[in-house]
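Asks: File start.txt follows (compact mmCIF, C-alpha atoms and all ligand atoms):
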```
# COMPACT_ATOMS: atom_id res chain seq x y z
CA MET A 30 -21.90 -28.20 -9.53
CA SER A 31 -19.00 -30.12 -8.02
CA ASN A 32 -19.60 -33.12 -5.83
CA THR A 33 -18.10 -33.16 -2.35
CA VAL A 34 -15.59 -35.93 -3.01
CA GLU A 35 -14.15 -34.09 -6.00
CA LEU A 36 -14.05 -30.83 -4.04
CA LYS A 37 -12.16 -32.54 -1.21
CA ASN A 38 -9.58 -33.74 -3.72
CA ILE A 39 -9.21 -30.30 -5.19
CA GLU A 40 -8.74 -28.79 -1.75
CA ALA A 41 -6.17 -31.44 -0.88
CA LEU A 42 -4.20 -30.55 -4.01
CA LEU A 43 -4.43 -26.82 -3.29
CA ARG A 44 -3.16 -27.52 0.20
CA GLU A 45 0.14 -28.49 -1.41
CA VAL A 46 0.56 -25.00 -2.88
CA THR A 47 2.44 -22.76 -0.46
CA ASP A 48 3.39 -19.12 -0.08
CA PRO A 49 6.87 -18.82 -1.66
CA GLU A 50 7.92 -16.47 1.14
CA ILE A 51 6.59 -18.69 3.94
CA PRO A 52 6.99 -22.16 2.43
CA VAL A 53 5.48 -23.95 5.45
CA LEU A 54 2.18 -22.18 5.01
CA SER A 55 -0.34 -23.64 2.58
CA ILE A 56 -2.48 -21.15 0.68
CA MET A 57 -5.53 -22.88 2.17
CA ASP A 58 -4.28 -22.17 5.71
CA MET A 59 -3.40 -18.62 4.71
CA GLY A 60 -7.02 -17.97 3.73
CA VAL A 61 -6.04 -16.80 0.27
CA VAL A 62 -8.33 -19.20 -1.63
CA ARG A 63 -11.81 -17.68 -1.57
CA ASP A 64 -13.81 -19.87 -3.89
CA ILE A 65 -13.52 -22.99 -6.00
CA GLU A 66 -15.87 -23.65 -8.92
CA GLN A 67 -15.61 -26.83 -10.90
CA ASN A 68 -17.51 -27.85 -13.97
CA GLY A 69 -16.19 -31.05 -15.49
CA LYS A 70 -12.59 -30.33 -16.42
CA ALA A 71 -13.01 -26.59 -16.08
CA LEU A 72 -11.79 -25.29 -12.76
CA LEU A 73 -11.97 -21.75 -11.47
CA VAL A 74 -9.97 -20.85 -8.35
CA LYS A 75 -10.54 -17.41 -6.88
CA ILE A 76 -7.74 -16.00 -4.75
CA THR A 77 -7.36 -12.72 -2.91
CA PRO A 78 -4.08 -10.89 -2.25
CA THR A 79 -2.81 -10.61 1.31
CA TYR A 80 -1.18 -7.20 0.76
CA SER A 81 -1.79 -5.35 -2.54
CA GLY A 82 1.89 -5.19 -3.35
CA CYS A 83 2.58 -8.77 -2.30
CA PRO A 84 4.98 -10.10 -4.94
CA ALA A 85 4.04 -13.66 -3.98
CA MET A 86 0.58 -13.46 -5.56
CA ASP A 87 1.74 -13.93 -9.15
CA THR A 88 3.81 -16.94 -8.14
CA ILE A 89 0.91 -18.41 -6.18
CA ALA A 90 -1.42 -18.00 -9.17
CA THR A 91 1.11 -19.73 -11.45
CA ASP A 92 1.71 -22.53 -8.93
CA ILE A 93 -2.04 -23.19 -8.63
CA LYS A 94 -2.43 -23.39 -12.38
CA LEU A 95 0.56 -25.73 -12.80
CA LYS A 96 -0.56 -28.02 -9.99
CA MET A 97 -4.22 -28.26 -11.05
CA ASP A 98 -3.51 -28.52 -14.79
CA ALA A 99 -1.13 -31.38 -14.00
CA ALA A 100 -4.04 -33.06 -12.21
CA GLY A 101 -6.05 -32.89 -15.42
CA PHE A 102 -8.01 -29.69 -14.98
CA ASP A 103 -8.26 -26.73 -17.27
CA THR A 104 -7.60 -24.13 -14.62
CA THR A 105 -8.34 -20.43 -14.46
CA VAL A 106 -7.08 -18.43 -11.48
CA LYS A 107 -8.91 -15.22 -10.81
CA LEU A 108 -7.78 -12.48 -8.44
CA VAL A 109 -10.64 -10.97 -6.43
CA LEU A 110 -10.23 -7.84 -4.29
CA ALA A 111 -13.42 -7.88 -2.23
CA PRO A 112 -13.87 -8.75 0.56
CA ALA A 113 -10.35 -7.73 1.50
CA TRP A 114 -8.11 -10.31 3.14
CA THR A 115 -7.65 -10.18 6.89
CA THR A 116 -5.26 -12.06 9.18
CA ASP A 117 -8.40 -13.56 10.81
CA TRP A 118 -8.57 -15.89 7.81
CA ILE A 119 -5.33 -17.62 8.74
CA THR A 120 -6.47 -20.97 10.15
CA GLU A 121 -5.50 -22.41 13.54
CA ASN A 122 -3.27 -24.87 11.73
CA GLY A 123 -1.73 -22.00 9.79
CA ARG A 124 -0.96 -20.13 13.01
CA ARG A 125 0.76 -23.19 14.44
CA GLU A 126 2.83 -23.63 11.29
CA LEU A 127 3.86 -19.97 11.38
CA GLU A 128 5.05 -20.22 14.97
CA LYS A 129 6.97 -23.41 14.28
CA TYR A 130 8.64 -21.65 11.36
CA GLY A 131 9.75 -18.81 13.66
CA ILE A 132 7.13 -16.18 12.84
CA ALA A 133 4.92 -15.03 15.71
CA ALA A 134 1.25 -15.29 14.69
CA PRO A 135 -0.88 -12.12 14.65
CA LEU A 136 -2.49 -11.00 17.91
CA ASP A 137 -6.03 -9.61 18.01
CA GLU A 138 -6.46 -6.03 16.87
CA THR A 139 -6.25 -4.33 20.28
CA SER A 140 -3.25 -6.32 21.51
CA ASP A 141 -1.58 -5.73 18.15
CA LYS A 142 -1.86 -1.97 18.65
CA HIS A 143 -0.47 -2.30 22.17
CA ALA A 144 2.50 -4.26 20.87
CA LEU A 145 3.26 -2.05 17.86
CA ILE A 146 2.42 1.41 19.16
CA ASP A 147 2.59 1.40 22.94
CA GLY A 148 5.58 -0.92 23.07
CA LYS A 149 3.83 -3.39 25.37
CA ARG A 150 5.72 -6.64 25.80
CA ILE A 151 3.14 -9.22 24.77
CA VAL A 152 4.43 -10.80 21.57
CA LYS A 153 5.71 -14.27 22.41
CA CYS A 154 9.26 -15.18 21.35
CA THR A 155 9.07 -18.04 18.86
CA ASN A 156 12.32 -19.44 20.21
CA CYS A 157 11.87 -19.54 24.00
CA GLY A 158 8.25 -18.46 24.55
CA SER A 159 9.12 -15.41 26.67
CA THR A 160 7.02 -12.28 26.23
CA ASN A 161 9.95 -10.10 27.26
CA THR A 162 10.27 -8.96 23.65
CA LYS A 163 10.63 -5.57 22.01
CA MET A 164 9.80 -4.24 18.57
CA VAL A 165 12.88 -3.41 16.52
CA SER A 166 11.09 -2.22 13.40
CA GLN A 167 7.45 -1.78 12.48
CA PHE A 168 8.22 -3.07 9.01
CA GLY A 169 10.13 -6.32 8.77
CA SER A 170 11.48 -8.48 5.98
CA THR A 171 8.14 -8.09 4.16
CA ALA A 172 5.32 -5.55 4.50
CA CYS A 173 3.15 -8.01 6.44
CA LYS A 174 5.68 -8.48 9.24
CA ALA A 175 7.31 -6.43 11.99
CA LEU A 176 10.74 -7.23 13.39
CA PHE A 177 10.99 -8.15 17.08
CA GLN A 178 13.76 -9.25 19.36
CA CYS A 179 13.57 -11.37 22.50
CA GLU A 180 15.34 -9.78 25.46
CA ASP A 181 15.69 -13.11 27.25
CA CYS A 182 17.21 -15.39 24.63
CA LEU A 183 18.17 -12.50 22.27
CA GLU A 184 16.55 -14.21 19.27
CA PRO A 185 15.42 -11.78 16.55
CA PHE A 186 12.13 -12.89 14.97
CA ASP A 187 9.32 -11.73 12.72
CA TYR A 188 5.84 -10.95 13.96
CA PHE A 189 2.98 -11.27 11.50
CA LYS A 190 1.06 -8.00 11.92
CA CYS A 191 -2.69 -8.02 12.44
CA LEU A 192 -4.47 -6.82 9.31
CA LYS A 193 -8.16 -6.01 9.74
CA MET B 24 -18.55 9.02 -18.74
CA LYS B 25 -16.07 6.20 -19.29
CA ASP B 26 -13.38 8.72 -20.22
CA LYS B 27 -14.01 10.73 -17.09
CA LEU B 28 -13.97 7.68 -14.86
CA TYR B 29 -10.70 6.67 -16.53
CA GLU B 30 -9.20 10.02 -15.72
CA TYR B 31 -10.43 9.88 -12.14
CA ILE B 32 -8.78 6.47 -11.70
CA LEU B 33 -5.55 8.02 -12.98
CA MET B 34 -5.79 10.76 -10.35
CA LEU B 35 -5.96 8.07 -7.69
CA GLY B 36 -3.37 5.74 -9.18
CA ASP B 37 -0.83 8.34 -10.31
CA ASN B 38 -0.41 9.75 -6.80
CA SER B 39 0.50 6.29 -5.54
CA MET B 40 2.75 5.59 -8.51
CA ILE B 41 4.82 8.77 -8.32
CA LEU B 42 5.12 8.66 -4.54
CA GLY B 43 5.91 4.94 -4.74
CA HIS B 44 8.66 5.72 -7.23
CA ARG B 45 10.13 8.46 -5.03
CA LEU B 46 10.24 6.03 -2.12
CA SER B 47 11.80 3.30 -4.26
CA GLU B 48 14.71 5.68 -4.97
CA LEU B 49 15.58 5.27 -1.29
CA CYS B 50 16.04 1.51 -1.56
CA GLY B 51 19.48 0.91 -0.09
CA HIS B 52 19.84 4.61 0.78
CA GLY B 53 17.62 4.95 3.86
CA PRO B 54 19.28 6.58 6.87
CA SER B 55 19.05 3.31 8.81
CA LEU B 56 18.20 -0.26 7.92
CA GLU B 57 14.88 0.02 9.72
CA THR B 58 13.72 3.13 7.88
CA ASP B 59 15.10 1.85 4.58
CA ILE B 60 12.97 -1.29 4.86
CA ALA B 61 9.93 0.65 6.02
CA LEU B 62 10.06 3.16 3.17
CA THR B 63 10.53 0.52 0.51
CA ASN B 64 7.73 -1.57 2.02
CA ILE B 65 5.47 1.46 1.80
CA SER B 66 6.59 1.87 -1.80
CA LEU B 67 5.64 -1.74 -2.49
CA ASP B 68 2.19 -1.26 -0.94
CA LEU B 69 1.64 1.82 -3.09
CA PHE B 70 2.68 -0.01 -6.24
CA GLY B 71 0.29 -2.83 -5.34
CA GLN B 72 -2.49 -0.26 -5.21
CA VAL B 73 -1.31 1.24 -8.49
CA ARG B 74 -1.58 -2.16 -10.17
CA SER B 75 -5.21 -2.52 -9.10
CA TYR B 76 -6.06 0.99 -10.28
CA PHE B 77 -4.25 0.62 -13.60
CA GLN B 78 -5.73 -2.80 -14.32
CA TYR B 79 -9.12 -1.19 -13.94
CA ALA B 80 -8.10 1.84 -15.99
CA ALA B 81 -6.85 -0.48 -18.76
CA GLU B 82 -10.21 -2.25 -18.80
CA LEU B 83 -11.99 1.08 -19.21
CA LYS B 84 -9.63 2.27 -21.89
CA GLY B 85 -9.64 -0.93 -23.95
CA ASP B 86 -7.72 -0.66 -27.21
CA GLY B 87 -4.99 -3.04 -26.02
CA ALA B 88 -4.13 -0.96 -22.95
CA THR B 89 -2.59 -2.82 -19.98
CA GLU B 90 -1.44 -1.78 -16.53
CA ASP B 91 2.07 -1.62 -17.97
CA THR B 92 1.28 0.60 -20.94
CA ILE B 93 -0.54 2.98 -18.62
CA ALA B 94 2.46 3.19 -16.31
CA SER B 95 5.22 3.18 -18.89
CA LEU B 96 3.89 4.78 -22.06
CA ARG B 97 2.23 7.99 -20.94
CA PHE B 98 3.97 11.36 -21.12
CA ASP B 99 4.15 13.79 -18.22
CA ARG B 100 1.15 15.80 -19.39
CA ASP B 101 -0.98 12.65 -19.19
CA PHE B 102 -0.20 12.12 -15.51
CA ARG B 103 -2.78 13.30 -12.99
CA ASN B 104 -0.79 13.21 -9.73
CA VAL B 105 -0.54 16.19 -7.38
CA ILE B 106 2.72 18.15 -7.22
CA LEU B 107 3.34 17.21 -3.58
CA VAL B 108 4.26 13.62 -4.46
CA GLU B 109 6.79 14.74 -7.11
CA GLN B 110 8.89 16.56 -4.52
CA PRO B 111 12.40 15.11 -4.30
CA ASN B 112 13.93 13.18 -1.39
CA THR B 113 15.92 16.22 -0.29
CA ASP B 114 16.66 14.77 3.15
CA PHE B 115 14.97 12.38 5.58
CA ALA B 116 12.78 15.16 7.02
CA TYR B 117 11.45 15.92 3.52
CA VAL B 118 10.76 12.25 2.90
CA ILE B 119 8.86 11.95 6.18
CA GLY B 120 7.09 15.30 5.76
CA ARG B 121 5.91 14.41 2.24
CA GLN B 122 4.77 10.99 3.43
CA PHE B 123 2.91 12.34 6.43
CA LEU B 124 1.08 15.05 4.47
CA PHE B 125 0.10 12.49 1.84
CA ASP B 126 -0.97 9.83 4.37
CA ALA B 127 -3.07 12.34 6.32
CA PHE B 128 -4.89 13.04 3.04
CA HIS B 129 -4.90 9.47 1.72
CA LEU B 130 -6.54 7.81 4.72
CA PRO B 131 -9.74 9.90 4.82
CA LEU B 132 -9.84 9.70 1.01
CA LEU B 133 -9.84 5.91 1.13
CA GLU B 134 -12.41 5.95 3.94
CA GLN B 135 -14.80 7.70 1.59
CA LEU B 136 -13.92 5.67 -1.47
CA MET B 137 -14.75 2.46 0.40
CA ASN B 138 -18.37 3.56 -0.01
CA SER B 139 -18.04 4.50 -3.66
CA ASN B 140 -20.86 3.53 -6.01
CA ASP B 141 -18.19 2.05 -8.21
CA GLU B 142 -17.58 -1.47 -6.95
CA THR B 143 -14.00 -1.75 -8.13
CA ILE B 144 -12.94 1.56 -6.60
CA ALA B 145 -14.66 0.55 -3.35
CA ALA B 146 -12.83 -2.79 -3.32
CA ILE B 147 -9.42 -1.23 -4.03
CA ALA B 148 -10.01 1.36 -1.29
CA ALA B 149 -11.11 -1.26 1.25
CA LYS B 150 -7.94 -3.19 0.53
CA SER B 151 -5.60 -0.18 0.48
CA ILE B 152 -6.86 1.44 3.65
CA LYS B 153 -5.56 -1.39 5.81
CA GLU B 154 -2.07 -0.74 4.49
CA SER B 155 -2.30 3.03 4.55
CA ARG B 156 -3.14 2.97 8.26
CA TYR B 157 0.33 1.54 8.84
CA HIS B 158 1.85 4.18 6.60
CA LEU B 159 0.27 7.02 8.58
CA ARG B 160 1.30 5.37 11.83
CA PHE B 161 4.90 5.24 10.60
CA SER B 162 5.07 8.74 9.13
CA SER B 163 3.30 10.51 12.00
CA SER B 164 5.50 8.81 14.60
CA TRP B 165 8.60 10.06 12.75
CA VAL B 166 7.22 13.59 12.42
CA LYS B 167 6.84 13.58 16.21
CA ARG B 168 10.23 12.04 16.81
CA LEU B 169 12.04 14.54 14.61
CA GLY B 170 9.92 17.55 15.53
CA ASP B 171 10.18 16.92 19.25
CA GLY B 172 13.74 15.59 19.03
CA THR B 173 16.96 17.59 19.07
CA GLU B 174 17.27 21.22 18.11
CA GLU B 175 18.77 20.16 14.79
CA SER B 176 16.07 17.59 13.96
CA HIS B 177 13.35 20.04 14.96
CA GLN B 178 14.72 22.78 12.76
CA ARG B 179 15.10 20.42 9.78
CA MET B 180 11.63 18.92 10.18
CA GLN B 181 10.14 22.41 10.33
CA ALA B 182 12.13 23.45 7.24
CA ALA B 183 10.79 20.46 5.31
CA ILE B 184 7.21 21.22 6.35
CA ASN B 185 7.66 24.87 5.39
CA HIS B 186 8.79 23.80 1.93
CA LEU B 187 6.08 21.17 1.42
CA PHE B 188 3.07 22.88 2.93
CA PRO B 189 2.33 25.25 0.02
CA PHE B 190 1.64 22.15 -2.11
CA VAL B 191 -1.10 20.92 0.22
CA SER B 192 -3.87 23.18 -1.06
CA GLU B 193 -3.88 21.40 -4.42
CA LEU B 194 -5.04 18.21 -2.71
CA PHE B 195 -8.32 19.91 -1.86
CA ARG B 196 -8.82 22.11 -4.94
CA GLU B 197 -11.60 20.30 -6.74
CA THR B 198 -11.24 19.75 -10.48
CA LYS B 199 -14.20 19.37 -12.84
CA ILE B 200 -13.77 15.62 -12.94
CA GLU B 201 -13.58 15.30 -9.18
CA LYS B 202 -16.73 17.36 -8.84
CA GLU B 203 -18.58 15.21 -11.32
CA MET B 204 -17.40 11.97 -9.73
CA LYS B 205 -18.43 13.25 -6.32
CA GLU B 206 -21.91 14.09 -7.59
CA LEU B 207 -22.25 10.61 -9.09
CA GLY B 208 -21.34 9.05 -5.73
CA ILE B 209 -18.22 7.55 -7.28
CA GLY B 210 -15.61 9.98 -6.07
CA ALA B 211 -14.80 11.59 -2.74
CA ASP B 212 -15.89 14.90 -1.27
CA LEU B 213 -12.64 16.81 -0.85
CA SER B 214 -14.09 19.31 1.61
CA LEU B 215 -14.79 16.52 4.09
CA ILE B 216 -11.30 15.14 3.65
CA LYS B 217 -9.89 18.58 4.32
CA THR B 218 -11.57 18.65 7.72
CA SER B 219 -10.04 15.34 8.83
CA PHE B 220 -6.71 16.34 7.31
CA ASN B 221 -6.57 19.62 9.23
CA GLN B 222 -7.47 17.88 12.44
CA LYS B 223 -4.75 15.27 12.01
CA ILE B 224 -2.14 17.89 11.14
CA LYS B 225 -3.04 19.96 14.16
CA GLU B 226 -2.90 16.99 16.51
CA VAL B 227 0.43 15.64 15.25
CA PHE B 228 2.14 19.02 14.87
CA GLU B 229 1.17 19.96 18.40
CA GLU B 230 2.79 16.85 19.77
CA ALA B 231 5.78 17.37 17.47
CA THR B 232 6.09 21.02 18.60
CA LEU B 233 5.93 22.11 14.96
CA GLU B 234 4.27 25.20 13.56
CA ILE B 235 1.68 24.99 10.80
CA PRO B 236 3.21 27.32 8.19
CA ASP B 237 1.09 30.25 7.07
CA THR B 238 2.92 30.59 3.77
CA PRO B 239 0.66 31.22 0.78
CA SER B 240 -0.38 28.16 -1.16
CA ARG B 241 0.94 27.48 -4.63
CA GLN B 242 -1.39 27.40 -7.59
CA THR B 243 -0.24 24.00 -8.78
CA ASN B 244 -2.25 21.93 -11.25
CA GLY B 245 -0.80 18.46 -11.34
CA LYS B 246 -4.30 17.00 -11.43
CA THR B 247 -4.84 18.52 -14.86
CA GLY B 248 -1.41 17.46 -16.12
CA ILE B 249 0.70 20.54 -15.42
CA HIS B 250 3.76 19.24 -13.61
CA THR B 251 7.06 20.56 -12.36
CA GLU B 252 10.41 19.91 -14.03
CA GLN B 253 10.78 16.97 -11.61
CA MET B 254 8.30 14.90 -13.57
CA GLY B 255 10.48 14.48 -16.65
CA PHE B 256 13.33 13.08 -14.58
CA ILE B 257 11.03 10.73 -12.71
CA LEU B 258 9.52 9.35 -15.91
CA ALA B 259 12.88 9.16 -17.66
CA GLU B 260 14.04 6.78 -14.98
CA PHE B 261 10.77 4.92 -14.57
CA GLN B 262 10.06 4.43 -18.27
CA TYR B 263 13.60 4.02 -19.56
CA MET B 264 13.45 0.29 -20.33
CA GLN B 265 10.14 0.41 -22.22
CA ARG B 266 11.25 3.44 -24.21
CA ALA B 267 14.67 2.03 -25.06
CA TYR B 268 13.45 -1.50 -25.82
CA PRO B 269 9.75 -1.21 -26.75
CA ASN B 270 7.62 -4.20 -25.66
CA MET B 271 10.46 -5.81 -23.74
CA THR B 272 9.42 -8.16 -20.95
CA TRP B 273 11.33 -9.69 -18.05
ZN ZN C 301 13.32 -15.81 23.40
```
Using the file provided, produce a representation of the structure as structure tokens.
Replies:
Amino acid sequence: MSNTVELKNIEALLREVTDPEIPVLSIMDMGVVRDIEQNGKALLVKITPTYSGCPAMDTIATDIKLKMDAAGFDTTVKLVLAPAWTTDWITENGRRELEKYGIAAPLDETSDKHALIDGKRIVKCTNCGSTNTKMVSQFGSTACKALFQCEDCLEPFDYFKCLK
Amino acid sequence: MKDKLYEYILMLGDNSMILGHRLSELCGHGPSLETDIALTNISLDLFGQVRSYFQYAAELKGDGATEDTIASLRFDRDFRNVILVEQPNTDFAYVIGRQFLFDAFHLPLLEQLMNSNDETIAAIAAKSIKESRYHLRFSSSWVKRLGDGTEESHQRMQAAINHLFPFVSELFRETKIEKEMKELGIGADLSLIKTSFNQKIKEVFEEATLEIPDTPSRQTNGKTGIHTEQMGFILAEFQYMQRAYPNMTW
């Protein structure tokens, strides 16, 4: 069983590992790390994929192993599928980081549908804050995002779709 | 039992692999940037699902099998996908029609598999269904847009549906393995899926002003390994590197 101090250190180190496609977002804030088991030098980190085809997962697994092995652990990274990841697991801090980076954070499920299907103007522009925005494409630069454009400042931006 | 489960996993995974490959052929060739990105994103989702299925299949098979050997070293007769997903990207209406018919089947399939007695299948389904909801949303909205669009788009969407519809019956024709898996509580009940499928088709076609074709169904048997001539071309492209340079890695 790991003691709390050690666990805090491990979490702090994992916080330095980021999603290669959204480098401002730590995997801890993304909600990808599901469990940490430590027994002496042996460390097991369980992660879950955001989207099944997400090409970032292999890189994240490698980055975790490199980082933790460098800190003296013998690390195993295990991919777990259940329970399936949801955008609800992105932390408050993670949402703020996303917005600062120029990606609108996911809305709740109902509002998400309104924005993506009914074309309601509720997604906030990450540049000027206006909600006078329209969806350009349901699929954006990656499967997890949709492409929006602000009609006030004309900024095109990504919206992180709600996944439940 | 293990062999049968293995084959059932292939039925699930091969559909996603072959359709995912067909969609990947459109990378850089979509009719617009938006649809190009959407179709390749859907392809990526499907390949993600394939990886989960094949990793599980490799575990069951043992004997040094990996997700890659299952994808790249089987011959056409060993594939268990339905004929619908082999159909070529004739034009955008065919691509959308094929996608819609598959999605309308895939979603209720995954809904059932989420409650499978097999934990891994249930987990893969619970993960996949979130993505497949977006796929159906995309494909059904395009069926409506093309069907209820211009005279030309309507006629071409209807032509695609007329061509593809005879392949639908195979989705619901239960094979021995599917029957056994259903009885064990591992696999899905195709008759229930058929009901949701028909309802979805009716609803979307009505809005799209399209007719449900009454052409006779084809007696296709992709699920037992009998494929069309398309399959050889698909695998030739997909498997080329592993066949030409055995055991090569990136
Ligand atoms: Zn703006």
Asks: Using atom CA of B:Gln262 and atom CA of B:Ile41 as the two end points, give the distance in Å to one decimal.
Replies: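 Calculated distance between atom CA of B:Gln262 and atom CA of B:Ile41 is 12.1 Å.
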Asks: What does the distance between atom CA of B:Asp212 and atom CA of B:Leu159 come to in Å, to one decimal place?
Replies: 20.5 Å
Asks: Can you tell me which residues surround stretch 67-76 of chain A at a distance of at most 8 Å, considering only C-alpha atoms, apart from same-chain residues fewer than 5 positions away, and format the answer as a VMD selection string?
Replies: chain A and resid 30 to 31 61 to 62 90 101 to 109
Asks: Taking into account all atoms listed in the file, which residue in the set B:Phe220, B:Tyr76, B:Phe190, B:Phe261 is nearest to B:Leu130?
Replies: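 Closest candidate: B:Phe220.
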Asks: With all atoms listed in the file considered, list every residue of chain B at most 8 Å from chain A, as a list in words.
Replies: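 Listing them in order of chain and number gives Glu57, Ile60, Ala61, Asn64, Ile65, Leu67, Asp68, Leu69, Phe70, Gly71, Gln72, Ser75, Ala146, Ile147, Ala149, Lys150, Ser151, Lys153, Glu154 and Phe161 of chain B.
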Asks: List the residues sitting within 12 Å of (17.1, 21.8, 8.7) in the file's frame, using all atoms listed in the file, as a list in words.
Replies: Thr113, Asp114, Phe115, Ala116, Tyr117, Leu169, Gly170, Thr173, Glu174, Glu175, Ser176, His177, Gln178, Arg179, Met180, Gln181, Ala182, Ala183, Ile184, Asn185 and His186 of chain B
Asks: What's around B:Gly210 at 7 Å? Count only C-alpha atoms, leave out sequence neighbours fewer than 4 positions away in its own chain, and write the answer as a PDB file with C-alpha atoms, in the coordinates of the input.
Replies:
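Output (selection_15.pdb):
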```
ATOM      1  CA  LEU B 136     -13.920   5.670  -1.470  1.00  0.00           C
ATOM      2  CA  SER B 139     -18.040   4.500  -3.660  1.00  0.00           C
ATOM      3  CA  GLU B 201     -13.580  15.300  -9.180  1.00  0.00           C
ATOM      4  CA  MET B 204     -17.400  11.970  -9.730  1.00  0.00           C
ATOM      5  CA  LYS B 205     -18.430  13.250  -6.320  1.00  0.00           C
TER       6      LYS B 205
END
```
Asks: Given only C-alpha atoms and all ligand atoms as the basis, pick out the residue of A:Ile93, A:Ala133, A:Ile39, A:Ala144 nearest to ligand ZN 301 (chain C).
Replies: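 Going through A:Ile93, A:Ala133, A:Ile39, A:Ala144 one by one, the smallest distance to ligand ZN 301 (chain C) is for A:Ala133.
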Asks: Can you tell me, as a PDB file with C-alpha atoms, keeping the file's coordinate frame, which residues sit within 9 Å of (10.0, 15.5, -3.1) in the file's frame, using only C-alpha atoms?
Replies:
```pdb
ATOM      1  CA  LEU B  42       5.120   8.660  -4.540  1.00  0.00           C
ATOM      2  CA  ARG B  45      10.130   8.460  -5.030  1.00  0.00           C
ATOM      3  CA  ILE B 106       2.720  18.150  -7.220  1.00  0.00           C
ATOM      4  CA  LEU B 107       3.340  17.210  -3.580  1.00  0.00           C
ATOM      5  CA  VAL B 108       4.260  13.620  -4.460  1.00  0.00           C
ATOM      6  CA  GLU B 109       6.790  14.740  -7.110  1.00  0.00           C
ATOM      7  CA  GLN B 110       8.890  16.560  -4.520  1.00  0.00           C
ATOM      8  CA  PRO B 111      12.400  15.110  -4.300  1.00  0.00           C
ATOM      9  CA  ASN B 112      13.930  13.180  -1.390  1.00  0.00           C
ATOM     10  CA  THR B 113      15.920  16.220  -0.290  1.00  0.00           C
ATOM     11  CA  TYR B 117      11.450  15.920   3.520  1.00  0.00           C
ATOM     12  CA  VAL B 118      10.760  12.250   2.900  1.00  0.00           C
ATOM     13  CA  ARG B 121       5.910  14.410   2.240  1.00  0.00           C
ATOM     14  CA  LEU B 187       6.080  21.170   1.420  1.00  0.00           C
ATOM     15  CA  GLN B 253      10.780  16.970 -11.610  1.00  0.00           C
TER      16      GLN B 253
END
```
Asks: Using all atoms listed in the file, determine which residues lie at most 12 Å from stretch 125-128 of chain A, disregarding the query and same-chain residues fewer than 4 positions distant; provide the list as a PyMOL selection string.
Replies: chain A and resi 47-48+50-55+58-59+119-121+132-135+152-158+174+186-189
Asks: Find the distance between atom CA of A:Met86 and atom CA of A:Val46 and write it in Å to one decimal.
Replies: 11.8 Å
Asks: Quick one: 5 Å padding each side, axis-aligned, all listed atoms of stretch 126-140 of chain A - centre and edge lengths in Å to one decimal, as JSON?
Replies:
```
{"center_x": 1.6, "center_y": -14.0, "center_z": 16.4, "size_x": 26.2, "size_y": 29.3, "size_z": 20.2}
```
Asks: Which residues are close to B:Ser240, i.e. within 10 Å by all atoms listed in the file, leaving aside same-chain residues fewer than 5 positions away? Reply as a list of chain:residue names.
Replies: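 Within the cut-off, the hits are B:Leu187, B:Phe188, B:Pro189, B:Phe190, B:Val191, B:Ser192, B:Glu193.
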Asks: Please, could you write that set of residues out with C-alpha atoms as an mmCIF file, keeping the file's coordinate frame?
Replies:
```cif
data_model
loop_
_atom_site.group_PDB
_atom_site.id
_atom_site.type_symbol
_atom_site.label_atom_id
_atom_site.label_comp_id
_atom_site.auth_asym_id
_atom_site.auth_seq_id
_atom_site.Cartn_x
_atom_site.Cartn_y
_atom_site.Cartn_z
ATOM 1 C CA LEU B 187 6.080 21.170 1.420
ATOM 2 C CA PHE B 188 3.070 22.880 2.930
ATOM 3 C CA PRO B 189 2.330 25.250 0.020
ATOM 4 C CA PHE B 190 1.640 22.150 -2.110
ATOM 5 C CA VAL B 191 -1.100 20.920 0.220
ATOM 6 C CA SER B 192 -3.870 23.180 -1.060
ATOM 7 C CA GLU B 193 -3.880 21.400 -4.420
#
```
